[in-house]
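Asker: Attaching a single structure in structure tokens format; questions to follow.
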Amino acid sequence: MPSLPCLPIHDGTCVNFSTVQLSLPTPLKPIISNLPLPSCWELLFSPLCILGATLFVTSLLASHKLSRTPLSELGHVGARGRKHFSWNESTGGGGGIGGSFLDYWFYGGSVWIRVGQFLWDGMFGHADEEGEASDQNVGGENLFACFGVTKSSGSDDSSALNARERNETKPNTQQKRIGTGIIGYDSSLGSHGPLISALLRSSIMLLSWCSTISFMVRTHGEIKLYLTKVDTEASGVLYEAFLKGIVFLLQTIESILNAGESNQAHSDNCHGILFTTIIYASAYIALLEVTLFVLGKMFAFFRIYDPKGVSHPGGPRQHKILRIPKWTKDQQHTLPKELIQHEGSTWRCAVAHDAHNDTIEKFSGIASSDGDGKGGANVADFLTGEPFGRQIWTLEAKQCRNANEDTEDGLEGNLRKEFINASENSRTSQIEADYSDLIQELASGGRSPLAFDPSKNPNSCDQLFRAQMILSYLERNGGKLPKDIAYLQNHKQKSDDKGQTTSDSNAPKTVIEAAKRGIAFYSLLQTPDGHWAGDYGGPHFLLPGLVVAWYVMGCPSVMISPPQQALMLHYLKVHQQEDGGWGTHIESPSTMFGTVICYLAVRLLGAKHDEDWIVKGRDFIQKEGGAVMTSSWAKFWLCLVGCMEWTGHNSVPPEMWLLPNWFPFHPGRLWCHCRMVYLPMGYLYGSRFVYSNAESDPLIAKLREELYCQAYESIDWDKTRHLVAPMDNYSPIPTFMKFAQNCLSIYENWTFFRPIKNAMRKAGLEFCLEYMRAEDLQTNYIDIGPVNKALNMVSAFHAANHDINDVAVRSHMMRVPDYLWIAEDGMKMQGYNGSQCWDTSFAIQAVWECDMLDKFPLLSSKVWAYLERCQILTTETSRSSPAFKYESCDNRDKFYRHVSKGGWPFSTSAHGWPISDCTGEGLKGVLALMDSPIVMKAVKKGILKNIEPSRLYDAVNVILTLQNEDGGWATYENNRGFGWYEELNPSEVFGDIMIDYSYVECSMASMTALVEFHEKFPNHRTREIKFAIHRGKEFMKSIQREDGSWYGSWACCFCYGCWFGIEGLIKAGESPSSPAIQKCCEFLLSHQRENGGWGEDFTSCYDKDYAAHGMQSYGDGGSGVVNTAWALMALSAAKCKDVEAIKRGVKYLMKRQLDCGDWPQEGISGVFNRACGITYTAYRNVFPIWALGRCAATYGCVLDRD
């Protein structure tokens, strides 16, 4: 090929460089440049650019069309349609979508493989592994699915659902799947089918190529001359390499086009130019895809760039947490009796219908004041959803017991008649008097009664709730404990403060005996409706949000009563640290986020400004620069209550919701927790809501003085928007996000934008209100979490013109108790409305693995009843609630909801949000109980309600549709967004909150549920299930860290992740001898401590690195029972050959077990968003039981030998 001539410089001279020169080959000029137009228009109107622009616009229009298509008209793409062919299964979904920018370019070409496969399937179909035609790919279904539509459209959603339900019982029946999304994304947003993705990618490549070539041809000479003058050798080498790459592509394409006179002859007419353009574009795209693939492989091989999927949690953080929390030592806070009791009534936890009755009684007095004419008798109409699982704390005595079979009392009565062959013993106050010491001992968890010393352990051990449940058990059983721990009533043993027993005369002799004792104790704590309740607190920023909402709404006592205020103040006071601050959570060192918002709450709750602890808190704030240095979420609450101007907060424009669904950054693509928080934030920011009495309230005026280091009126608020204390800055806001926030500030404040802003804002606010209303009804006013619960309530209050008796406002207040919990440290707001279904599903699997379902028939039967009532939108009660209508395709499409029907929640059915791992664990719990002859006999006799196979099929459908394109499972929805969304994270204090990543925990729970379901129902969606399991296994391997561990995203931390990782792979068919399993076992064994246990604390999560000193602060010798249980469960699942290590771990658990069968409460177990810990008091019981049962089953009596 002839060498390329040199290029003239603009001054007319020709500079002859000694290396590569650049010009366009002759046959390519007509389609890229050389048009009879001014140079500035050449590129814009060149044929290649026009082709690229046409493809780009076409793909966007098609995407927009599909994004507005009802779900009932969108087709399922079949099992292979959800396959992701990215590089080594490691990059994000959608051919690199969701991954980094480099991932998209290097490995996104996999979309062409998908296109080719879909076209082949669409035209010819394909056979599955059994040789049978796939029910999803016959008749060209996938050909249409490439575009995101089915051949037949417009079917009614409800009729289609009913048809599906009728056909599900027939194996291998051809049927249409609906409402499951397109190519791995939710149908309402992820309308980029493979062909559309390919067109979009091609258009970007062509437009980028046109721009690059045009720029290089025009500036090549100047660049070379500049490099020669400045004599920058490194820049020159990089430029030469880049230039050689461009020349290589040009010359290769010229050869492909057979460049020369024959091609030139027909390239001057329109048809010739069009033909040449199409051929050139195709050759360029193919060549570039191959080049990028080869480069990507080389980069990965030489570790220049090792691609990681968007869901890979990454390695250790560079900036570790060095500060530690500090409290005044040996300052024991005993919960005062006057806080536990009020006017002769004692706080108690009411569940299910008992809880509903209490709420109805509480609100009946104000129900008729709204003028709706319904009166107090119909308050129950506003308390919708399934009652089972609900748990609230009340001072009201329990009403007369309801023996209706549909209630928890009726359930327990019938089950006791069946299994105990005796009616319930009459209740007597004498039980409490006779056994008060025993009850306190059983409930204490090895601590002093109702004592709380954060310097020893800032975690509560749930003494109040456990004492109540133990008393209730004794009342129902005539003062008798379960026989496995009955000896305690005759031989009481005391425990020291560390939780160690002082005598081992009653210690279990075998591993399985210890497990059985643990189950016997845990059975005491089961609630009448079948679930286990417990403290799910920990974060300090939740309660202050509720307090602000209560204050700006006028301090209604029906929402937070004076006794509740006192308990809340006690909680905040005992958790204040020695430096005067509060942490973001109970084990966090003091932060400005925690301190500012907790200080605000205590002052609003009535604490005086001159109290010593208040002065200490104020000093901490001012020493760190005042409230302007806190994080954005704290600033938002300050703005609402009138202690900060809105100009001091970055914009949260509600009109973002008006963007078309195909727009790359759409709020509907955010992770649902993030989305549902910023939805009401956008409404309140757009409305500029401020407490109506802020300017006249003397407390607000005083707070404006206390929170800042200068006069409130003198603060330049706009300059404070980006200020944040280093201690709060876990996820520093990137430069681009700050630039975007500054642009939005101009948009908010410049008069020029006011007309368009006002018009768009009105529409945005209207949509936000409608969306919040949908969220309220879908969740029966519980809402997805405590932050958006408080914000939605304030929004409803604002929309009702501050009418506290408005139906929506009242319905919100009726659900506030669902989030409140009382323990020995006071009253707190939980991170959810409880963890009922999650804890219960784990507990019953632990009992199953101990092979003791039928040894505890009442326990097992009540769990079956609870799981039956807890499945979302499947019971008569739940289907009669307003939430059910939002399951329609149109509503799910409009409000960005994934399918819910058939899933299991984290907490209760009334909450309404199914989660992949909760659905998986709930399904496994039901499948485990199906192995119990006693439970199945009760179902057959009608004592327990049956769970039809169709309901299990619905659960499987939820799991299958939640699998991401990378093969893993996210939490609530498919990953809808992109990895670069995290660059727009505005929170500062949390990490990885912007999109729904795939997690090892969710993937294991979902995958193993499919495995166990397939064992019992082998003919249901066989090929899809097998393929989903295969993809899940490959995903889990892809996110394993170099040291063999898995990072646990939802608990502390690596022991937890390793359990999920190993168990998931083993259940999916991985050999225990495989490198992935062995490497993880080696990791765990390397971290076993001298006392035989394993231990981690919160720093493992925060730093993404195994805690160097284990659980040093709140464990035993650096070990903890929960971490030890997770490690043992992982190792025994892998059939670890180091039996001595297993024995040491088991002995540690048995040694730490209290005489009663309980284990001591140690450090915090849970975590979310990388940086915030959360409490699971149930874990200290469930997982040691489970680990002991599994180890006993795996290793047998060898563990019992000394």
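Labeling convention for the structure tokens: chains A, B, ... as they appear, residues from 1 per chain, ligands from 1 in order of appearance.
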Please identify which residues in segment 668-701 of chain A DSSP calls alpha helix (DSSP H) from the backbone, and express them as a PDB file with N, CA and C atoms, in the first residue's frame.

Answerer:
```pdb
ATOM      1  N   CYS A 672     -34.092   1.393  44.511  1.00  0.00           N
ATOM      2  CA  CYS A 672     -35.399   1.824  45.008  1.00  0.00           C
ATOM      3  C   CYS A 672     -35.307   2.590  46.322  1.00  0.00           C
ATOM      4  N   HIS A 673     -34.406   2.207  47.245  1.00  0.00           N
ATOM      5  CA  HIS A 673     -34.295   2.959  48.501  1.00  0.00           C
ATOM      6  C   HIS A 673     -33.818   4.382  48.232  1.00  0.00           C
ATOM      7  N   CYS A 674     -32.863   4.522  47.341  1.00  0.00           N
ATOM      8  CA  CYS A 674     -32.388   5.858  46.962  1.00  0.00           C
ATOM      9  C   CYS A 674     -33.499   6.631  46.262  1.00  0.00           C
ATOM     10  N   ARG A 675     -34.171   5.967  45.357  1.00  0.00           N
ATOM     11  CA  ARG A 675     -35.235   6.609  44.578  1.00  0.00           C
ATOM     12  C   ARG A 675     -36.363   7.089  45.480  1.00  0.00           C
ATOM     13  N   MET A 676     -36.769   6.240  46.440  1.00  0.00           N
ATOM     14  CA  MET A 676     -37.919   6.578  47.266  1.00  0.00           C
ATOM     15  C   MET A 676     -37.587   7.590  48.354  1.00  0.00           C
ATOM     16  N   VAL A 677     -36.299   7.832  48.623  1.00  0.00           N
ATOM     17  CA  VAL A 677     -35.907   8.916  49.520  1.00  0.00           C
ATOM     18  C   VAL A 677     -35.859  10.235  48.771  1.00  0.00           C
ATOM     19  N   TYR A 678     -35.251  10.221  47.599  1.00  0.00           N
ATOM     20  CA  TYR A 678     -35.118  11.474  46.860  1.00  0.00           C
ATOM     21  C   TYR A 678     -36.414  11.902  46.174  1.00  0.00           C
ATOM     22  N   LEU A 679     -37.394  10.997  46.088  1.00  0.00           N
ATOM     23  CA  LEU A 679     -38.712  11.390  45.583  1.00  0.00           C
ATOM     24  C   LEU A 679     -39.375  12.418  46.503  1.00  0.00           C
ATOM     25  N   PRO A 680     -39.608  12.136  47.797  1.00  0.00           N
ATOM     26  CA  PRO A 680     -40.188  13.174  48.661  1.00  0.00           C
ATOM     27  C   PRO A 680     -39.231  14.329  48.906  1.00  0.00           C
ATOM     28  N   MET A 681     -37.920  14.064  48.885  1.00  0.00           N
ATOM     29  CA  MET A 681     -36.985  15.183  48.995  1.00  0.00           C
ATOM     30  C   MET A 681     -37.205  16.168  47.855  1.00  0.00           C
ATOM     31  N   GLY A 682     -37.391  15.635  46.644  1.00  0.00           N
ATOM     32  CA  GLY A 682     -37.642  16.509  45.504  1.00  0.00           C
ATOM     33  C   GLY A 682     -38.924  17.305  45.674  1.00  0.00           C
ATOM     34  N   TYR A 683     -39.955  16.646  46.197  1.00  0.00           N
ATOM     35  CA  TYR A 683     -41.224  17.353  46.403  1.00  0.00           C
ATOM     36  C   TYR A 683     -41.077  18.458  47.435  1.00  0.00           C
ATOM     37  N   LEU A 684     -40.466  18.140  48.560  1.00  0.00           N
ATOM     38  CA  LEU A 684     -40.339  19.130  49.635  1.00  0.00           C
ATOM     39  C   LEU A 684     -39.374  20.241  49.253  1.00  0.00           C
ATOM     40  N   TYR A 685     -38.308  19.886  48.528  1.00  0.00           N
ATOM     41  CA  TYR A 685     -37.390  20.926  48.059  1.00  0.00           C
ATOM     42  C   TYR A 685     -38.093  21.815  47.041  1.00  0.00           C
ATOM     43  N   GLY A 686     -38.787  21.195  46.094  1.00  0.00           N
ATOM     44  CA  GLY A 686     -39.479  21.983  45.072  1.00  0.00           C
ATOM     45  C   GLY A 686     -40.566  22.866  45.643  1.00  0.00           C
ATOM     46  N   SER A 687     -41.183  22.408  46.726  1.00  0.00           N
ATOM     47  CA  SER A 687     -42.228  23.200  47.397  1.00  0.00           C
ATOM     48  C   SER A 687     -41.648  24.214  48.363  1.00  0.00           C
ATOM     49  N   PRO A 698     -39.670  30.313  69.452  1.00  0.00           N
ATOM     50  CA  PRO A 698     -38.435  30.677  70.163  1.00  0.00           C
ATOM     51  C   PRO A 698     -37.405  29.549  70.183  1.00  0.00           C
ATOM     52  N   LEU A 699     -37.859  28.304  70.143  1.00  0.00           N
ATOM     53  CA  LEU A 699     -36.913  27.191  70.130  1.00  0.00           C
ATOM     54  C   LEU A 699     -36.112  27.186  68.821  1.00  0.00           C
ATOM     55  N   ILE A 700     -36.767  27.449  67.724  1.00  0.00           N
ATOM     56  CA  ILE A 700     -36.060  27.497  66.434  1.00  0.00           C
ATOM     57  C   ILE A 700     -35.064  28.661  66.428  1.00  0.00           C
ATOM     58  N   ALA A 701     -35.479  29.773  66.968  1.00  0.00           N
ATOM     59  CA  ALA A 701     -34.562  30.919  67.058  1.00  0.00           C
ATOM     60  C   ALA A 701     -33.341  30.563  67.897  1.00  0.00           C
TER      61      ALA A 701
END
```

Asker: Report as a Markdown table: every residue of segment 285-395 of chain A with an atom at most 8 Å from segment 452-456 of chain A, its closest pair of atoms, and their distance in Å to one decimal, counting only C-alpha atoms, with rows sorted by chain and ascending residue number.

Answerer:
```
| residue | atom | partner | partner_atom | distance |
| --- | --- | --- | --- | --- |
| A:Lys326 | CA | A:Ser455 | CA | 6.8 |
| A:Trp327 | CA | A:Ser455 | CA | 5.0 |
| A:Thr328 | CA | A:Ser455 | CA | 6.4 |
| A:Lys329 | CA | A:Ser455 | CA | 5.3 |
| A:Asp330 | CA | A:Ser455 | CA | 6.7 |
| A:Gln331 | CA | A:Asp453 | CA | 6.0 |
| A:Gln332 | CA | A:Asp453 | CA | 4.5 |
| A:His333 | CA | A:Phe452 | CA | 5.0 |
| A:Thr334 | CA | A:Phe452 | CA | 6.1 |
| A:Leu335 | CA | A:Phe452 | CA | 7.8 |
```

Asker: Please produce, as JSON lines, a per-residue contact table for segment 798-915 of chain A versus segment 925-948 of chain A (criterion: any atom at most 6 Å away, only C-alpha atoms considered), showing the nearest atom pair and its distance in Å to one decimal, sorted by chain then residue number.

Answerer:
```
{"residue": "A:Ser841", "atom": "CA", "partner": "A:Gly925", "partner_atom": "CA", "distance": 5.2}
{"residue": "A:Gln845", "atom": "CA", "partner": "A:Gly925", "partner_atom": "CA", "distance": 5.8}
{"residue": "A:Ser861", "atom": "CA", "partner": "A:Val935", "partner_atom": "CA", "distance": 5.6}
```

Asker: Name all residues at most 7 Å from segment 895-905 of chain A (count only C-alpha atoms; drop same-chain ones fewer than 2 positions away) and give them as a PyMOL selection string.

Answerer: chain A and resi 186+188+668+771+837+870-874+887+891-893+907-909+912-915+918-919+922+951+954-955+958+973

Asker: Counting only C-alpha atoms, what is within 8 Å of Cys349 of chain A, bar same-chain residues fewer than 3 positions away, as number ranges by chain?

Answerer: A: 391-394, 465, 468

Asker: Could the residues in this selection be saved with C-alpha atoms as a PDB file, in the first residue's frame?

Answerer:
```pdb
ATOM      1  CA  GLN A 391     -45.316  -5.507  65.946  1.00  0.00           C
ATOM      2  CA  ILE A 392     -45.785  -2.286  67.916  1.00  0.00           C
ATOM      3  CA  TRP A 393     -45.083  -1.145  71.464  1.00  0.00           C
ATOM      4  CA  THR A 394     -48.032   0.070  73.468  1.00  0.00           C
ATOM      5  CA  PHE A 465     -39.212  -8.001  74.622  1.00  0.00           C
ATOM      6  CA  GLN A 468     -42.449 -10.390  77.848  1.00  0.00           C
TER       7      GLN A 468
END
```

Asker: DSSP on the backbone: which residues in segment 726-885 of chain A end up as strand (DSSP E or B)? Give the answer as a PyMOL selection string.

Answerer: chain A and resi 820-823+826-829

Asker: Atom CA of Ser880 of chain A and atom CA of Lys398 of chain A are how many Å apart?

Answerer: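 So the two atoms, atom CA of Ser880 of chain A and atom CA of Lys398 of chain A, lie 26.7 Å apart.
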
Asker: Measure the distance from atom CA of Phe1098 of chain A to atom CA of Ile597 of chain A in Å and round it to one decimal.

Answerer: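 Those two atoms sit 21.8 Å apart.
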
Asker: Quote the spacing between atom CA of Leu703 of chain A and atom CA of Met629 of chain A in Å to one decimal place.

Answerer: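 Calculated distance between atom CA of Leu703 of chain A and atom CA of Met629 of chain A is 15.7 Å.
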
Asker: Show which residues sit within 9 Å of Pro544 of chain A, as a list in words. Count only C-alpha atoms, and ignore same-chain residues fewer than 3 positions away.

Answerer: His540, Phe541, Val547, Val548, Ala549, Ile597, Cys598, Tyr599, Leu600, Ala601, Val602, Trp637 and Met829 of chain A

Asker: Produce a file of the selected residues containing all heavy atoms, as a CSV table (one decimal), in the first residue's frame.

Answerer:
```
chain,number,residue,atom,x,y,z
A,540,HIS,N,-28.3,6.1,64.0
A,540,HIS,CA,-28.8,7.2,64.8
A,540,HIS,C,-29.5,8.3,64.0
A,540,HIS,O,-30.1,9.2,64.6
A,540,HIS,CB,-27.6,7.8,65.5
A,540,HIS,CG,-27.1,7.1,66.7
A,540,HIS,ND1,-27.9,6.4,67.5
A,540,HIS,CD2,-25.8,6.9,67.2
A,540,HIS,CE1,-27.2,5.8,68.5
A,540,HIS,NE2,-25.9,6.1,68.3
A,541,PHE,N,-29.5,8.2,62.7
A,541,PHE,CA,-30.1,9.3,61.9
A,541,PHE,C,-31.5,9.1,61.6
A,541,PHE,O,-32.2,10.0,61.0
A,541,PHE,CB,-29.3,9.5,60.6
A,541,PHE,CG,-29.3,8.3,59.7
A,541,PHE,CD1,-30.3,8.1,58.8
A,541,PHE,CD2,-28.2,7.4,59.8
A,541,PHE,CE1,-30.2,7.0,57.9
A,541,PHE,CE2,-28.2,6.3,58.9
A,541,PHE,CZ,-29.2,6.1,58.0
A,547,VAL,N,-38.6,12.7,64.5
A,547,VAL,CA,-38.9,13.8,65.5
A,547,VAL,C,-39.1,15.1,64.7
A,547,VAL,O,-40.0,15.9,65.1
A,547,VAL,CB,-37.7,13.9,66.5
A,547,VAL,CG1,-37.9,15.2,67.3
A,547,VAL,CG2,-37.6,12.7,67.3
A,548,VAL,N,-38.3,15.4,63.7
A,548,VAL,CA,-38.5,16.6,62.9
A,548,VAL,C,-39.9,16.6,62.3
A,548,VAL,O,-40.6,17.6,62.3
A,548,VAL,CB,-37.4,16.8,61.8
A,548,VAL,CG1,-37.8,17.9,60.9
A,548,VAL,CG2,-36.1,17.0,62.5
A,549,ALA,N,-40.3,15.5,61.7
A,549,ALA,CA,-41.6,15.4,61.0
A,549,ALA,C,-42.7,15.7,62.1
A,549,ALA,O,-43.7,16.4,61.8
A,549,ALA,CB,-41.8,14.0,60.4
A,597,ILE,N,-27.8,16.0,63.8
A,597,ILE,CA,-29.2,15.6,63.7
A,597,ILE,C,-29.7,15.1,65.0
A,597,ILE,O,-30.9,15.3,65.4
A,597,ILE,CB,-29.4,14.6,62.5
A,597,ILE,CG1,-30.8,14.5,62.1
A,597,ILE,CG2,-28.8,13.2,62.9
A,597,ILE,CD1,-31.1,13.8,60.8
A,598,CYS,N,-28.9,14.4,65.8
A,598,CYS,CA,-29.3,14.0,67.1
A,598,CYS,C,-29.5,15.1,68.1
A,598,CYS,O,-30.4,15.2,68.9
A,598,CYS,CB,-28.3,12.9,67.7
A,598,CYS,SG,-28.4,11.3,67.0
A,599,TYR,N,-28.6,16.1,68.0
A,599,TYR,CA,-28.7,17.3,68.8
A,599,TYR,C,-30.0,18.0,68.5
A,599,TYR,O,-30.7,18.5,69.4
A,599,TYR,CB,-27.5,18.3,68.6
A,599,TYR,CG,-27.5,19.5,69.4
A,599,TYR,CD1,-26.9,19.5,70.7
A,599,TYR,CD2,-28.2,20.7,69.0
A,599,TYR,CE1,-27.0,20.7,71.5
A,599,TYR,CE2,-28.2,21.8,69.8
A,599,TYR,CZ,-27.6,21.8,71.0
A,599,TYR,OH,-27.6,22.9,71.8
A,600,LEU,N,-30.3,18.1,67.2
A,600,LEU,CA,-31.6,18.8,66.8
A,600,LEU,C,-32.8,18.0,67.4
A,600,LEU,O,-33.7,18.6,67.9
A,600,LEU,CB,-31.7,18.7,65.3
A,600,LEU,CG,-33.0,19.3,64.7
A,600,LEU,CD1,-33.2,20.7,64.9
A,600,LEU,CD2,-33.0,19.0,63.2
A,601,ALA,N,-32.7,16.7,67.4
A,601,ALA,CA,-33.8,15.9,67.9
A,601,ALA,C,-34.0,16.1,69.4
A,601,ALA,O,-35.1,16.2,69.9
A,601,ALA,CB,-33.6,14.4,67.6
A,602,VAL,N,-32.9,16.0,70.2
A,602,VAL,CA,-33.1,16.1,71.6
A,602,VAL,C,-33.6,17.5,72.0
A,602,VAL,O,-34.4,17.6,73.0
A,602,VAL,CB,-31.7,15.8,72.4
A,602,VAL,CG1,-31.3,14.4,72.1
A,602,VAL,CG2,-30.6,16.8,72.0
A,637,TRP,N,-33.0,18.0,56.8
A,637,TRP,CA,-33.9,18.1,57.9
A,637,TRP,C,-33.8,19.5,58.6
A,637,TRP,O,-34.9,20.0,59.1
A,637,TRP,CB,-33.6,17.0,58.9
A,637,TRP,CG,-33.9,15.6,58.5
A,637,TRP,CD1,-33.0,14.6,58.2
A,637,TRP,CD2,-35.2,15.1,58.2
A,637,TRP,NE1,-33.6,13.5,57.8
A,637,TRP,CE2,-35.0,13.7,57.8
A,637,TRP,CE3,-36.5,15.5,58.3
A,637,TRP,CZ2,-36.1,12.9,57.5
A,637,TRP,CZ3,-37.5,14.7,58.0
A,637,TRP,CH2,-37.3,13.4,57.6
A,829,MET,N,-35.9,4.3,66.5
A,829,MET,CA,-36.5,4.0,65.3
A,829,MET,C,-35.7,3.0,64.5
A,829,MET,O,-34.5,3.1,64.4
A,829,MET,CB,-36.7,5.3,64.4
A,829,MET,CG,-37.6,5.1,63.2
A,829,MET,SD,-37.9,6.7,62.4
A,829,MET,CE,-39.4,6.2,61.4
```

Asker: Residues at most 10 Å from Arg390 of chain A, counting only C-alpha atoms, excluding those fewer than 6 positions away in the same chain, as a compact mmCIF listing (two decimals) with C-alpha atoms, in the first residue's frame?

Answerer:
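Output file out-v8.txt follows:
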```txt
# COMPACT_ATOMS: atom_id res chain seq x y z
CA CYS A 349 -45.10 -5.49 72.35
CA ALA A 350 -48.38 -6.18 70.58
CA VAL A 351 -48.41 -8.23 67.39
CA ALA A 352 -50.75 -8.92 64.48
CA HIS A 353 -54.46 -8.36 65.23
CA ASP A 354 -53.60 -7.27 68.76
CA ALA A 355 -51.47 -4.49 67.26
CA HIS A 356 -54.22 -3.52 64.84
CA ASP A 529 -48.53 -15.27 64.94
CA HIS A 531 -42.58 -14.94 63.76
CA ALA A 533 -39.30 -10.15 66.68
CA ARG A 815 -48.18 3.30 60.90
CA PRO A 817 -45.49 2.67 65.68
CA ASP A 818 -44.45 0.00 63.18
CA TYR A 819 -40.97 1.54 63.14
CA ASN A 833 -40.62 -2.06 60.17
CA GLY A 834 -38.73 -5.08 61.49
CA GLN A 836 -39.63 -10.57 60.85
CA SER A 907 -40.58 -7.83 57.24
CA THR A 908 -44.30 -8.17 56.57
CA SER A 909 -46.71 -8.75 53.73
CA ALA A 910 -48.26 -5.33 54.39
CA HIS A 911 -44.90 -3.70 53.67
```

Asker: Here is a test: counting only C-alpha atoms, which residue of A:Ile50, A:Ala1187, A:Ile1077, A:Leu1149 is nearest to Thr277 of chain A?

Answerer: A:Ile50

Asker: Between A:Glu655, A:Asp1202, A:Glu775, A:Asp728, which one has atoms that come closest to Glu748 of chain A, using only C-alpha atoms?

Answerer: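 Checking each candidate against Glu748 of chain A, we get A:Glu655 as the closest.
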
Asker: With only C-alpha atoms as the basis for distance, which of A:Thr595, A:Asn1019, A:Asn459, A:Ser888 is at the shortest distance from Tyr1176 of chain A?

Answerer: A:Asn459

Asker: Skip segment 993-1005 of chain A itself and residues of its chain fewer than 3 positions away, then list as a VMD selection string all residues within 8 Å of it, counting only C-alpha atoms.

Answerer: chain A and resid 310 to 311 669 to 672 674 916 to 918 920 to 921 964 966 968 to 979 981 to 982 984 to 985 990 1008 to 1009 1032 1036 1039 1046 to 1050 1057 1060 to 1061 1063 to 1065 1169

Asker: From the options A:Val290, A:Val511, A:Ile431, A:Ile1066, which residue's atoms come nearest to Gly478 of chain A, counting only C-alpha atoms?

Answerer: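 Using only C-alpha atoms, Gly478 of chain A sits closest to A:Ile431.
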
Asker: Quick one: of A:Arg810, A:Lys924, A:His722, A:Arg447, who's nearest to Ile844 of chain A, counting only C-alpha atoms?

Answerer: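 Of A:Arg810, A:Lys924, A:His722, A:Arg447, the one nearest Ile844 of chain A, counting only C-alpha atoms, is A:Lys924.
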